[in-house]
Amino acid sequence: MSTKVLIIDDDSNICEAVKLYLENETYEVQTAHDGENGVETFKSYDPDIVLLDIMMPKKDGWQVCREIREISNKPIIMLTAKGDVFDKVLGLELGADDFMTKPFDMKELSVRIKAVLRRCNAKNDKTESETLRFDNMEISLQKYELKLRGKPVDIPPKELQLLYFLASNENHVFTRDQLLDKVWGFDYLGDSRTVDVHMKRLREKLDGVSDKWNLKTVWGVGYKFEVFS
């Protein structure tokens with residue numbers, strides 16, 4: 001079966017050009033020209049990957065990304081006319097998997113689609129069927145769910161992925177750059193302190209949950225999920 005791509009962009013010329021190029025590479029492609037229609041098309045079409053513009057009518061790309069992440073972990077590549085680090089930070093925090101700045105080369109777009117799909121499929125095969133269980137905590141990537149003391153807790157996708165990765169490698173120390181590479185999954189051009197922000201929010205959620213594990217800062221190195229024997 002062909003890989004299904006959904007392009008959500010209000011620029012019909014870009015949509016048509018990308019659609020023709022990807023169809024020539026044997027992808028199956030559908031398009032939507034505003035955020036509201038994009039969300040509905042995502043639900044009905046069930047694509048394998050989404051190419052998502054930021055500046056759109058009715059719902060912008062940020063809102064569309066949020067709504068998709070509430071129901072799915074399908075990969076999202078955000079398309080933006082801006083090259084601002086702020087856009088990339090916000091997109092990553094909302095759960096985007098990669099970024100491309102307009103105008104972009106079609107061949108590079110195709111390569112990035114393949115890379116994101118390969119990375120996400122490998123991650124799904126290895127981890128998403130597993131639920132990690134620790135004292136008073138369960139983490140499921142399949143359900144995108146964190147339970148503390150048996151109760152679900154609201155948590156953004158990247159926080160959940162970061163916690164899952166650290167807990168999957170208990171007592172192993174990772175630098176900020178390693179966490180950006182492993183969790184965000186590509187060369188991150190922004191401030192590596194975004195990891196610090198995510199860790200701070202995780203600690204606020206996990207404070208007092210258990211005395212058998214914690215998120216530990218290893219000063220001068222990075223972070224680890226520490227389990228006490």
# chains A, B, ... in the order shown; residues from 1 in each chain; ligands from 1
>>> residues_around(residues="Ser44 (chain A)", least_positions_apart="5", cutoff="12 Å", atoms="only C-alpha atoms", output="MDAnalysis selection string")
chainID A and resid 6 30 37:39
>>> select_by_dssp(residues="region 18-195 of chain A", states="helix (DSSP H, G or I)", output="number ranges by chain")
A: 18-24, 35-45, 61-71, 85-94, 106-128, 157-168, 176-184, 194-195
>>> closest_residue(among="A:Pro157, A:Leu132, A:Gly208, A:Val5", to="Ile68 (chain A)", atoms="only C-alpha atoms")
A:Pro157
>>> residues_around(residues="Ala115 (chain A)", least_positions_apart="2", cutoff="12 Å", atoms="only C-alpha atoms", output="list in words")
Ile49, Pro75, Ile77, Asp97, Asp98, Glu108, Leu109, Ser110, Val111, Arg112, Ile113, Leu117, Arg118, Arg119, Cys120, Asn121, Ala122, Gly185 and Phe186 of chain A
>>> write_last_selection(atoms="N, CA, C and O atoms", output="compact mmCIF listing (two decimals), in the first residue's frame")
# COMPACT_ATOMS: atom_id res chain seq x y z
N ILE A 49 1.49 10.49 7.40
CA ILE A 49 2.29 11.66 7.77
C ILE A 49 1.55 12.92 7.33
O ILE A 49 0.80 12.89 6.35
N PRO A 75 3.33 11.17 12.50
CA PRO A 75 4.35 12.22 12.36
C PRO A 75 3.84 13.46 11.63
O PRO A 75 3.03 13.36 10.71
N ILE A 77 5.34 17.11 9.89
CA ILE A 77 6.39 18.03 9.47
C ILE A 77 5.74 19.39 9.26
O ILE A 77 4.81 19.53 8.45
N ASP A 97 7.40 16.73 14.48
CA ASP A 97 8.55 15.83 14.32
C ASP A 97 9.69 16.44 13.52
O ASP A 97 10.83 16.01 13.63
N ASP A 98 9.39 17.43 12.69
CA ASP A 98 10.43 18.07 11.90
C ASP A 98 9.88 19.39 11.37
O ASP A 98 8.69 19.68 11.49
N GLU A 108 14.56 17.56 -1.05
CA GLU A 108 14.84 17.56 0.39
C GLU A 108 13.59 17.21 1.18
O GLU A 108 13.66 16.47 2.17
N LEU A 109 12.45 17.73 0.77
CA LEU A 109 11.20 17.39 1.44
C LEU A 109 10.96 15.89 1.39
O LEU A 109 10.61 15.27 2.41
N SER A 110 11.16 15.28 0.24
CA SER A 110 10.97 13.84 0.10
C SER A 110 11.91 13.06 1.02
O SER A 110 11.50 12.09 1.67
N VAL A 111 13.16 13.50 1.09
CA VAL A 111 14.14 12.84 1.95
C VAL A 111 13.72 12.95 3.42
O VAL A 111 13.81 11.99 4.18
N ARG A 112 13.25 14.12 3.80
CA ARG A 112 12.83 14.31 5.20
C ARG A 112 11.60 13.48 5.53
O ARG A 112 11.48 12.94 6.63
N ILE A 113 10.66 13.38 4.61
CA ILE A 113 9.49 12.53 4.83
C ILE A 113 9.92 11.09 5.09
O ILE A 113 9.46 10.45 6.04
N LEU A 117 9.45 9.14 8.68
CA LEU A 117 8.67 7.89 8.70
C LEU A 117 9.51 6.72 9.20
O LEU A 117 9.05 5.90 10.01
N ARG A 118 10.74 6.65 8.73
CA ARG A 118 11.64 5.56 9.15
C ARG A 118 11.90 5.63 10.65
O ARG A 118 11.85 4.61 11.35
N ARG A 119 12.18 6.83 11.14
CA ARG A 119 12.45 7.00 12.56
C ARG A 119 11.22 6.68 13.41
O ARG A 119 11.32 5.98 14.42
N CYS A 120 10.07 7.19 13.01
CA CYS A 120 8.85 6.96 13.78
C CYS A 120 8.42 5.50 13.75
O CYS A 120 7.98 4.96 14.76
N ASN A 121 8.56 4.85 12.60
CA ASN A 121 8.20 3.44 12.51
C ASN A 121 9.11 2.57 13.36
O ASN A 121 8.67 1.62 14.01
N ALA A 122 10.40 2.92 13.37
CA ALA A 122 11.35 2.16 14.20
C ALA A 122 11.02 2.34 15.67
O ALA A 122 11.04 1.39 16.46
N GLY A 185 14.64 13.98 17.85
CA GLY A 185 14.88 13.12 16.70
C GLY A 185 15.58 13.72 15.51
O GLY A 185 15.69 13.07 14.49
N PHE A 186 16.03 14.96 15.56
CA PHE A 186 16.81 15.51 14.47
C PHE A 186 17.66 16.64 15.00
O PHE A 186 17.54 17.03 16.15
>>> residues_around(residues="region 144-151 of chain A", least_positions_apart="6", cutoff="12 Å", atoms="only C-alpha atoms", output="JSON, numbers by chain")
{"A": [69, 70, 71, 72, 73, 74, 95, 127, 128, 129, 130, 131, 132, 133, 134, 135, 136, 137, 138, 157, 158, 159, 160, 161, 162, 163, 164, 202, 205, 206, 207, 208, 209, 210]}
>>> write_last_selection(atoms="N, CA, C and O atoms", output="compact mmCIF listing (two decimals), in the first residue's frame")
# COMPACT_ATOMS: atom_id res chain seq x y z
N ARG A 69 -2.49 15.90 17.94
CA ARG A 69 -1.77 15.22 19.01
C ARG A 69 -2.70 14.70 20.11
O ARG A 69 -2.33 13.82 20.88
N GLU A 70 -3.89 15.25 20.21
CA GLU A 70 -4.86 14.75 21.19
C GLU A 70 -5.41 13.39 20.80
O GLU A 70 -5.89 12.64 21.65
N ILE A 71 -5.32 13.04 19.50
CA ILE A 71 -5.92 11.79 19.05
C ILE A 71 -4.94 10.86 18.34
O ILE A 71 -5.27 9.72 18.04
N SER A 72 -3.72 11.35 18.04
CA SER A 72 -2.82 10.54 17.23
C SER A 72 -1.36 10.96 17.44
O SER A 72 -1.08 12.12 17.78
N ASN A 73 -0.46 10.01 17.23
CA ASN A 73 0.97 10.32 17.24
C ASN A 73 1.58 10.18 15.85
O ASN A 73 2.79 9.99 15.71
N LYS A 74 0.74 10.26 14.80
CA LYS A 74 1.26 10.23 13.44
C LYS A 74 2.24 11.39 13.24
O LYS A 74 2.00 12.49 13.74
N GLY A 95 4.60 18.83 19.68
CA GLY A 95 4.67 17.46 19.19
C GLY A 95 5.04 17.29 17.74
O GLY A 95 4.93 16.18 17.20
N THR A 127 8.97 0.40 20.90
CA THR A 127 8.54 0.86 22.22
C THR A 127 7.05 1.05 22.42
O THR A 127 6.58 0.94 23.54
N GLU A 128 6.29 1.34 21.39
CA GLU A 128 4.95 1.82 21.65
C GLU A 128 4.00 0.74 22.16
O GLU A 128 2.95 1.04 22.68
N SER A 129 4.36 -0.52 21.99
CA SER A 129 3.51 -1.57 22.53
C SER A 129 3.81 -1.81 24.01
O SER A 129 3.11 -2.58 24.67
N GLU A 130 4.84 -1.17 24.54
CA GLU A 130 5.25 -1.40 25.91
C GLU A 130 4.70 -0.31 26.83
O GLU A 130 4.65 0.86 26.47
N THR A 131 4.31 -0.72 28.02
CA THR A 131 3.96 0.22 29.08
C THR A 131 5.00 0.08 30.18
O THR A 131 5.24 -1.01 30.68
N LEU A 132 5.63 1.20 30.52
CA LEU A 132 6.61 1.17 31.60
C LEU A 132 5.89 1.35 32.93
O LEU A 132 5.03 2.23 33.07
N ARG A 133 6.25 0.54 33.90
CA ARG A 133 5.61 0.60 35.21
C ARG A 133 6.65 0.75 36.31
O ARG A 133 7.61 -0.01 36.38
N PHE A 134 6.44 1.76 37.13
CA PHE A 134 7.25 1.99 38.31
C PHE A 134 6.32 2.25 39.47
O PHE A 134 5.10 2.31 39.29
N ASP A 135 6.86 2.39 40.65
CA ASP A 135 6.03 2.63 41.83
C ASP A 135 5.16 3.87 41.62
O ASP A 135 5.66 4.98 41.39
N ASN A 136 3.83 3.67 41.64
CA ASN A 136 2.84 4.74 41.51
C ASN A 136 2.84 5.43 40.14
O ASN A 136 2.28 6.51 40.00
N MET A 137 3.46 4.81 39.11
CA MET A 137 3.51 5.45 37.80
C MET A 137 3.47 4.44 36.67
O MET A 137 4.14 3.41 36.73
N GLU A 138 2.67 4.74 35.62
CA GLU A 138 2.65 3.99 34.37
C GLU A 138 2.80 4.98 33.21
O GLU A 138 2.16 6.03 33.21
N PRO A 157 2.84 15.94 24.55
CA PRO A 157 3.52 14.81 23.91
C PRO A 157 5.03 14.75 24.16
O PRO A 157 5.57 13.70 24.47
N LYS A 158 5.71 15.90 24.03
CA LYS A 158 7.17 15.85 24.17
C LYS A 158 7.58 15.58 25.61
O LYS A 158 8.60 14.92 25.86
N GLU A 159 6.82 16.05 26.58
CA GLU A 159 7.12 15.72 27.98
C GLU A 159 6.98 14.21 28.21
O GLU A 159 7.81 13.58 28.87
N LEU A 160 5.91 13.63 27.65
CA LEU A 160 5.70 12.20 27.80
C LEU A 160 6.83 11.42 27.12
O LEU A 160 7.36 10.45 27.69
N GLN A 161 7.21 11.83 25.93
CA GLN A 161 8.28 11.13 25.21
C GLN A 161 9.61 11.24 25.95
O GLN A 161 10.39 10.28 26.02
N LEU A 162 9.88 12.42 26.52
CA LEU A 162 11.11 12.61 27.28
C LEU A 162 11.13 11.73 28.52
O LEU A 162 12.12 11.05 28.81
N LEU A 163 10.02 11.70 29.25
CA LEU A 163 9.93 10.86 30.44
C LEU A 163 10.06 9.39 30.08
O LEU A 163 10.77 8.63 30.75
N TYR A 164 9.39 8.99 28.99
CA TYR A 164 9.46 7.59 28.57
C TYR A 164 10.88 7.19 28.22
O TYR A 164 11.36 6.12 28.61
N LEU A 202 8.05 18.40 34.13
CA LEU A 202 7.89 17.01 34.55
C LEU A 202 8.03 16.88 36.06
O LEU A 202 7.26 16.16 36.70
N LYS A 205 4.95 17.79 37.90
CA LYS A 205 3.91 16.76 37.83
C LYS A 205 4.23 15.57 38.73
O LYS A 205 3.32 14.93 39.28
N LEU A 206 5.51 15.22 38.85
CA LEU A 206 5.91 13.98 39.53
C LEU A 206 6.28 14.20 41.00
O LEU A 206 6.59 13.22 41.70
N ASP A 207 6.25 15.44 41.45
CA ASP A 207 6.68 15.75 42.81
C ASP A 207 5.87 14.98 43.86
O ASP A 207 4.64 15.03 43.87
N GLY A 208 6.56 14.24 44.70
CA GLY A 208 5.93 13.52 45.80
C GLY A 208 5.21 12.24 45.43
O GLY A 208 4.57 11.62 46.28
N VAL A 209 5.30 11.81 44.16
CA VAL A 209 4.58 10.61 43.73
C VAL A 209 5.19 9.34 44.32
O VAL A 209 4.49 8.41 44.70
N SER A 210 6.54 9.28 44.41
CA SER A 210 7.20 8.07 44.91
C SER A 210 8.56 8.43 45.49
O SER A 210 9.20 9.39 45.05
>>> closest_residue(among="A:Asp9, A:Leu20, A:Thr26, A:Glu36", to="Ala81 (chain A)", atoms="only C-alpha atoms")
A:Asp9
>>> select_by_dssp(residues="chain A", states="strand (DSSP E)", output="PyMOL selection string")
chain A and resi 4-8+28-32+49-53+76-80+98-101+131-134+137-140+145-148+151-153+174-175+213-218+222-227
>>> write_last_selection(atoms="C-alpha atoms", output="mmCIF file, in the first residue's frame")
data_model
loop_
_atom_site.group_PDB
_atom_site.id
_atom_site.type_symbol
_atom_site.label_atom_id
_atom_site.label_comp_id
_atom_site.auth_asym_id
_atom_site.auth_seq_id
_atom_site.Cartn_x
_atom_site.Cartn_y
_atom_site.Cartn_z
ATOM 1 C CA LYS A 4 -0.594 8.377 2.658
ATOM 2 C CA VAL A 5 0.364 12.044 2.952
ATOM 3 C CA LEU A 6 -1.931 14.873 4.050
ATOM 4 C CA ILE A 7 -0.910 18.419 3.077
ATOM 5 C CA ILE A 8 -2.625 21.167 5.102
ATOM 6 C CA GLU A 28 -0.988 8.849 -2.054
ATOM 7 C CA VAL A 29 -1.801 12.489 -1.306
ATOM 8 C CA GLN A 30 -4.765 14.526 -0.105
ATOM 9 C CA THR A 31 -4.878 18.261 0.571
ATOM 10 C CA ALA A 32 -6.771 20.661 2.813
ATOM 11 C CA ILE A 49 2.288 11.657 7.773
ATOM 12 C CA VAL A 50 1.109 15.285 7.780
ATOM 13 C CA LEU A 51 2.730 18.309 6.119
ATOM 14 C CA LEU A 52 1.323 21.226 8.105
ATOM 15 C CA ASP A 53 1.534 24.948 7.350
ATOM 16 C CA ILE A 76 3.978 15.907 11.503
ATOM 17 C CA ILE A 77 6.387 18.032 9.466
ATOM 18 C CA MET A 78 5.592 21.719 9.888
ATOM 19 C CA LEU A 79 5.972 24.082 6.915
ATOM 20 C CA THR A 80 6.656 27.723 7.683
ATOM 21 C CA ASP A 98 10.435 18.074 11.900
ATOM 22 C CA PHE A 99 10.416 21.524 10.276
ATOM 23 C CA MET A 100 10.917 22.882 6.769
ATOM 24 C CA THR A 101 11.186 26.574 5.931
ATOM 25 C CA THR A 131 3.959 0.217 29.080
ATOM 26 C CA LEU A 132 6.613 1.175 31.599
ATOM 27 C CA ARG A 133 5.608 0.603 35.212
ATOM 28 C CA PHE A 134 7.253 1.991 38.312
ATOM 29 C CA MET A 137 3.506 5.455 37.798
ATOM 30 C CA GLU A 138 2.651 3.993 34.375
ATOM 31 C CA ILE A 139 3.852 5.445 31.058
ATOM 32 C CA SER A 140 2.312 4.322 27.751
ATOM 33 C CA GLU A 145 -0.901 8.319 28.617
ATOM 34 C CA LEU A 146 0.742 8.960 31.975
ATOM 35 C CA LYS A 147 -0.878 7.526 35.096
ATOM 36 C CA LEU A 148 0.157 8.582 38.576
ATOM 37 C CA LYS A 151 -5.091 8.222 37.614
ATOM 38 C CA PRO A 152 -4.426 9.694 34.144
ATOM 39 C CA VAL A 153 -2.526 12.990 34.145
ATOM 40 C CA PHE A 174 22.121 11.808 29.139
ATOM 41 C CA THR A 175 23.348 15.251 28.115
ATOM 42 C CA TRP A 213 12.594 6.877 41.828
ATOM 43 C CA ASN A 214 13.157 10.458 40.742
ATOM 44 C CA LEU A 215 14.297 12.698 37.881
ATOM 45 C CA LYS A 216 17.825 13.637 38.839
ATOM 46 C CA THR A 217 20.037 16.444 37.596
ATOM 47 C CA VAL A 218 23.657 15.383 37.222
ATOM 48 C CA GLY A 222 22.668 16.260 32.160
ATOM 49 C CA TYR A 223 19.747 14.229 33.490
ATOM 50 C CA LYS A 224 18.763 10.713 34.421
ATOM 51 C CA PHE A 225 15.776 8.737 35.688
ATOM 52 C CA GLU A 226 17.139 7.356 38.943
ATOM 53 C CA VAL A 227 15.687 4.177 40.440
#
>>> closest_residue(among="A:Leu180, A:Leu141, A:Met106, A:Val197", to="Val18 (chain A)", atoms="only C-alpha atoms")
A:Met106
>>> residues_around(residues="Tyr27 (chain A)", least_positions_apart="5", cutoff="6 Å", atoms="only C-alpha atoms", output="mmCIF file with all heavy atoms, in the first residue's frame")
data_model
loop_
_atom_site.group_PDB
_atom_site.id
_atom_site.type_symbol
_atom_site.label_atom_id
_atom_site.label_comp_id
_atom_site.auth_asym_id
_atom_site.auth_seq_id
_atom_site.Cartn_x
_atom_site.Cartn_y
_atom_site.Cartn_z
ATOM 1 N N SER A 2 0.412 2.296 -0.704
ATOM 2 C CA SER A 2 1.160 3.544 -0.772
ATOM 3 C C SER A 2 1.107 4.275 0.561
ATOM 4 O O SER A 2 0.126 4.190 1.309
ATOM 5 C CB SER A 2 0.573 4.450 -1.861
ATOM 6 O OG SER A 2 0.671 3.844 -3.129
ATOM 7 N N THR A 3 2.173 5.009 0.848
ATOM 8 C CA THR A 3 2.204 5.868 2.027
ATOM 9 C C THR A 3 1.265 7.049 1.798
ATOM 10 O O THR A 3 1.303 7.706 0.759
ATOM 11 C CB THR A 3 3.631 6.382 2.280
ATOM 12 O OG1 THR A 3 4.489 5.272 2.537
ATOM 13 C CG2 THR A 3 3.663 7.323 3.467
ATOM 14 N N LEU A 22 4.999 14.393 -5.014
ATOM 15 C CA LEU A 22 4.934 13.204 -4.168
ATOM 16 C C LEU A 22 4.185 12.065 -4.850
ATOM 17 O O LEU A 22 4.541 10.892 -4.692
ATOM 18 C CB LEU A 22 4.280 13.545 -2.824
ATOM 19 C CG LEU A 22 5.082 14.492 -1.921
ATOM 20 C CD1 LEU A 22 4.324 14.749 -0.620
ATOM 21 C CD2 LEU A 22 6.469 13.935 -1.614
#
>>> closest_residue(among="A:Asn24, A:Ile54, A:Ser168, A:Thr41", to="Lys182 (chain A)", atoms="only C-alpha atoms")
A:Ser168
